[in-house]
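Undergrad: Quick one: the structure is below, questions incoming.
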Amino acid sequence: MDNLINRLQQSIQDYFPDNVFIRKDGFGIYRLVSNNISDAKDLHKNYLEDTKVVKWYFDYWIKIIIQFTKIDIESTYTNKSGITKKDYLNNLSKNNIELNKMFFETNISLSLFKGDYEVTTKVQLFRAEWDSYESVQNKHPQPHWQFYQLNEYQDKLDSVSSDSNFLSTVSSSVGFNEFLNSKFDFKRFHFAMNGNWINNDSHIHSLNCEEKIVKWLPGLLSHLKSQVEHLE
């Protein structure tokens, strides 16, 4: 695990203005850190969580969390009916990372924020994620994007802050925009990042080897950096 994290840390340095590090932040959990961090509010499911974000380019901030969950083969295999243990292990190898003869479910999550140092001036724009959780593997595209409704984020921030000026320039008009903001839980929609349909391939790509992680994360950061520079 340490070797993978070290490789990842080296692979992303060119996409940050300051030195960044990937540090352990709990059992099987790793977080992006640097000497230039700030507080923010992460909209997780339907509530805000206190979090730390790393200063990026312009007034953008990034949060990266990588989590590895060991799969208990003996207990999980007993719940599988009609499949041999050999086939079960083959399926694990096909869909999960194997390190030191152990299999791990993996989740990589990157959130992009925009705003100043003060926590109530930052807005969470979207998440980019790739995971191998078996319970959602066949439902959601992997990897994928998830976007936030700005007025929902503002309402939740207003409930924990008296700063009513936050996102004061954001407003929703009647019609389709109003529908999206009031009737449609946009953040639950998973937008495929790699829907290779033109080649008769799937929008679900297994996170089953270290090389995929080492290539995907810096590639994602490179893409986001180019788009941020285009906007600014």
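Here's how to read the names in the structure tokens: chain A, B, ... by the order shown, residue numbers from 1 in each chain, ligand numbers from 1 in the order shown.
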Leaving out stretch 86-96 of chain A and any residue of its chain fewer than 2 positions from it, which residues lie within 9 Å of it when counting only C-alpha atoms, given as a PyMOL selection string?
TA: chain A and resi 73+77+80+83-84+98+103-106+132-134+137+205-209
Undergrad: Given the selection you just returned, output its residues as a file containing C-alpha atoms, formatted as a compact mmCIF listing (two decimals), in the first residue's frame.
TA:
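Output file part-v7.txt follows:
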# COMPACT_ATOMS: atom_id res chain seq x y z
CA ILE A 73 -12.76 -13.54 1.63
CA TYR A 77 -17.64 -16.20 0.07
CA LYS A 80 -22.22 -16.51 -2.46
CA ILE A 83 -20.30 -20.31 -7.41
CA THR A 84 -17.07 -22.13 -6.67
CA GLU A 98 -4.89 -7.20 -5.07
CA PHE A 103 -8.16 -7.93 -2.13
CA PHE A 104 -9.37 -4.38 -1.48
CA GLU A 105 -12.44 -2.43 -2.45
CA THR A 106 -11.18 1.00 -3.48
CA SER A 132 -15.12 -0.70 -6.84
CA TYR A 133 -17.81 -1.14 -4.18
CA GLU A 134 -19.64 -4.28 -5.20
CA GLN A 137 -20.66 -1.64 -9.19
CA HIS A 205 -14.53 0.11 -15.65
CA SER A 206 -13.11 -2.05 -12.89
CA LEU A 207 -10.62 -0.50 -10.50
CA ASN A 208 -8.50 -3.63 -10.32
CA CYS A 209 -4.83 -2.65 -10.58
Undergrad: Please list as a ChimeraX atom specification every residue within 10 Å of stretch 66-70 of chain A, counting only C-alpha atoms and excluding residues in the same chain fewer than 2 positions away.
TA: /A:1,5,22-32,64,72-73,97-99,102-110,129-133
Undergrad: Taking into account only C-alpha atoms, which residue in the set A:Ala128, A:Ile198, A:Leu43, A:Leu112 is nearest to A:Val228?
TA: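 Closest residue, counting only C-alpha atoms: A:Leu112.
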Undergrad: Extract, using only C-alpha atoms, all DNA, RNA and protein residues at most 9 Å from A:Glu118, discarding same-chain residues fewer than 5 positions from it, and format them as a PyMOL selection string.
TA: chain A and resi 38-40
Undergrad: Can I get the selected residues back with C-alpha atoms, as a short mmCIF file (atom, residue, chain, number, x, y, z; two decimals), in the first residue's frame?
TA:
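Saved file selection28.cif follows:
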data_model
loop_
_atom_site.label_atom_id
_atom_site.label_comp_id
_atom_site.auth_asym_id
_atom_site.auth_seq_id
_atom_site.Cartn_x
_atom_site.Cartn_y
_atom_site.Cartn_z
CA SER A 38 -8.36 25.83 4.58
CA ASP A 39 -11.67 24.79 6.11
CA ALA A 40 -14.65 23.98 3.92
#
Undergrad: Assign secondary structure with DSSP using the backbone only, and return the residues of stretch 95-139 of chain A in strand (DSSP E) as a VMD selection string.
TA: chain A and resid 97 to 99 102 to 114 123 to 131
Undergrad: Convert the current residue selection to file output with N, CA and C atoms, as a PDB file, in the first residue's frame.
TA:
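Ended up saving to selection_2.pdb:
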ATOM      1  N   ILE A  97      -8.545  -4.437  -6.490  1.00  0.00           N
ATOM      2  CA  ILE A  97      -7.086  -4.401  -6.417  1.00  0.00           C
ATOM      3  C   ILE A  97      -6.591  -5.504  -5.489  1.00  0.00           C
ATOM      4  N   GLU A  98      -5.523  -6.176  -5.900  1.00  0.00           N
ATOM      5  CA  GLU A  98      -4.895  -7.199  -5.067  1.00  0.00           C
ATOM      6  C   GLU A  98      -3.524  -6.700  -4.633  1.00  0.00           C
ATOM      7  N   LEU A  99      -3.318  -6.632  -3.324  1.00  0.00           N
ATOM      8  CA  LEU A  99      -2.046  -6.208  -2.754  1.00  0.00           C
ATOM      9  C   LEU A  99      -1.628  -7.216  -1.693  1.00  0.00           C
ATOM     10  N   MET A 102      -4.018  -9.948  -0.826  1.00  0.00           N
ATOM     11  CA  MET A 102      -5.286  -9.522  -0.229  1.00  0.00           C
ATOM     12  C   MET A 102      -6.017  -8.634  -1.228  1.00  0.00           C
ATOM     13  N   PHE A 103      -7.352  -8.729  -1.227  1.00  0.00           N
ATOM     14  CA  PHE A 103      -8.163  -7.927  -2.133  1.00  0.00           C
ATOM     15  C   PHE A 103      -8.766  -6.741  -1.378  1.00  0.00           C
ATOM     16  N   PHE A 104      -8.856  -5.602  -2.092  1.00  0.00           N
ATOM     17  CA  PHE A 104      -9.374  -4.381  -1.478  1.00  0.00           C
ATOM     18  C   PHE A 104     -10.407  -3.723  -2.383  1.00  0.00           C
ATOM     19  N   GLU A 105     -11.551  -3.357  -1.783  1.00  0.00           N
ATOM     20  CA  GLU A 105     -12.443  -2.427  -2.451  1.00  0.00           C
ATOM     21  C   GLU A 105     -11.801  -1.044  -2.350  1.00  0.00           C
ATOM     22  N   THR A 106     -11.885  -0.276  -3.420  1.00  0.00           N
ATOM     23  CA  THR A 106     -11.181   0.999  -3.481  1.00  0.00           C
ATOM     24  C   THR A 106     -12.129   2.120  -3.865  1.00  0.00           C
ATOM     25  N   ASN A 107     -11.977   3.256  -3.207  1.00  0.00           N
ATOM     26  CA  ASN A 107     -12.735   4.451  -3.559  1.00  0.00           C
ATOM     27  C   ASN A 107     -11.783   5.631  -3.652  1.00  0.00           C
ATOM     28  N   ILE A 108     -11.830   6.334  -4.781  1.00  0.00           N
ATOM     29  CA  ILE A 108     -11.054   7.564  -4.968  1.00  0.00           C
ATOM     30  C   ILE A 108     -12.050   8.685  -5.223  1.00  0.00           C
ATOM     31  N   SER A 109     -11.969   9.741  -4.434  1.00  0.00           N
ATOM     32  CA  SER A 109     -12.919  10.843  -4.551  1.00  0.00           C
ATOM     33  C   SER A 109     -12.172  12.173  -4.586  1.00  0.00           C
ATOM     34  N   LEU A 110     -12.428  12.967  -5.627  1.00  0.00           N
ATOM     35  CA  LEU A 110     -11.859  14.308  -5.754  1.00  0.00           C
ATOM     36  C   LEU A 110     -12.998  15.310  -5.800  1.00  0.00           C
ATOM     37  N   SER A 111     -12.969  16.304  -4.915  1.00  0.00           N
ATOM     38  CA  SER A 111     -13.966  17.378  -4.913  1.00  0.00           C
ATOM     39  C   SER A 111     -13.285  18.692  -5.251  1.00  0.00           C
ATOM     40  N   LEU A 112     -13.943  19.492  -6.089  1.00  0.00           N
ATOM     41  CA  LEU A 112     -13.424  20.807  -6.450  1.00  0.00           C
ATOM     42  C   LEU A 112     -14.301  21.890  -5.828  1.00  0.00           C
ATOM     43  N   PHE A 113     -13.652  22.838  -5.141  1.00  0.00           N
ATOM     44  CA  PHE A 113     -14.320  23.966  -4.500  1.00  0.00           C
ATOM     45  C   PHE A 113     -13.821  25.262  -5.138  1.00  0.00           C
ATOM     46  N   LYS A 114     -14.617  26.324  -4.992  1.00  0.00           N
ATOM     47  CA  LYS A 114     -14.207  27.640  -5.481  1.00  0.00           C
ATOM     48  C   LYS A 114     -14.585  28.690  -4.446  1.00  0.00           C
ATOM     49  N   VAL A 123     -17.734  27.363  -2.421  1.00  0.00           N
ATOM     50  CA  VAL A 123     -18.830  26.545  -2.925  1.00  0.00           C
ATOM     51  C   VAL A 123     -18.238  25.261  -3.498  1.00  0.00           C
ATOM     52  N   GLN A 124     -18.862  24.152  -3.179  1.00  0.00           N
ATOM     53  CA  GLN A 124     -18.438  22.862  -3.721  1.00  0.00           C
ATOM     54  C   GLN A 124     -19.093  22.687  -5.086  1.00  0.00           C
ATOM     55  N   LEU A 125     -18.275  22.511  -6.120  1.00  0.00           N
ATOM     56  CA  LEU A 125     -18.784  22.470  -7.485  1.00  0.00           C
ATOM     57  C   LEU A 125     -19.174  21.063  -7.926  1.00  0.00           C
ATOM     58  N   PHE A 126     -18.261  20.108  -7.744  1.00  0.00           N
ATOM     59  CA  PHE A 126     -18.544  18.742  -8.189  1.00  0.00           C
ATOM     60  C   PHE A 126     -17.552  17.772  -7.572  1.00  0.00           C
ATOM     61  N   ARG A 127     -17.855  16.482  -7.740  1.00  0.00           N
ATOM     62  CA  ARG A 127     -16.941  15.414  -7.357  1.00  0.00           C
ATOM     63  C   ARG A 127     -16.639  14.561  -8.585  1.00  0.00           C
ATOM     64  N   ALA A 128     -15.426  14.053  -8.640  1.00  0.00           N
ATOM     65  CA  ALA A 128     -15.048  13.024  -9.607  1.00  0.00           C
ATOM     66  C   ALA A 128     -14.663  11.797  -8.791  1.00  0.00           C
ATOM     67  N   GLU A 129     -15.271  10.651  -9.092  1.00  0.00           N
ATOM     68  CA  GLU A 129     -15.050   9.465  -8.267  1.00  0.00           C
ATOM     69  C   GLU A 129     -14.865   8.219  -9.127  1.00  0.00           C
ATOM     70  N   TRP A 130     -14.147   7.288  -8.530  1.00  0.00           N
ATOM     71  CA  TRP A 130     -14.003   5.952  -9.118  1.00  0.00           C
ATOM     72  C   TRP A 130     -13.964   4.978  -7.949  1.00  0.00           C
ATOM     73  N   ASP A 131     -14.874   4.027  -7.947  1.00  0.00           N
ATOM     74  CA  ASP A 131     -14.855   3.060  -6.854  1.00  0.00           C
ATOM     75  C   ASP A 131     -15.193   1.668  -7.352  1.00  0.00           C
TER      76      ASP A 131
END
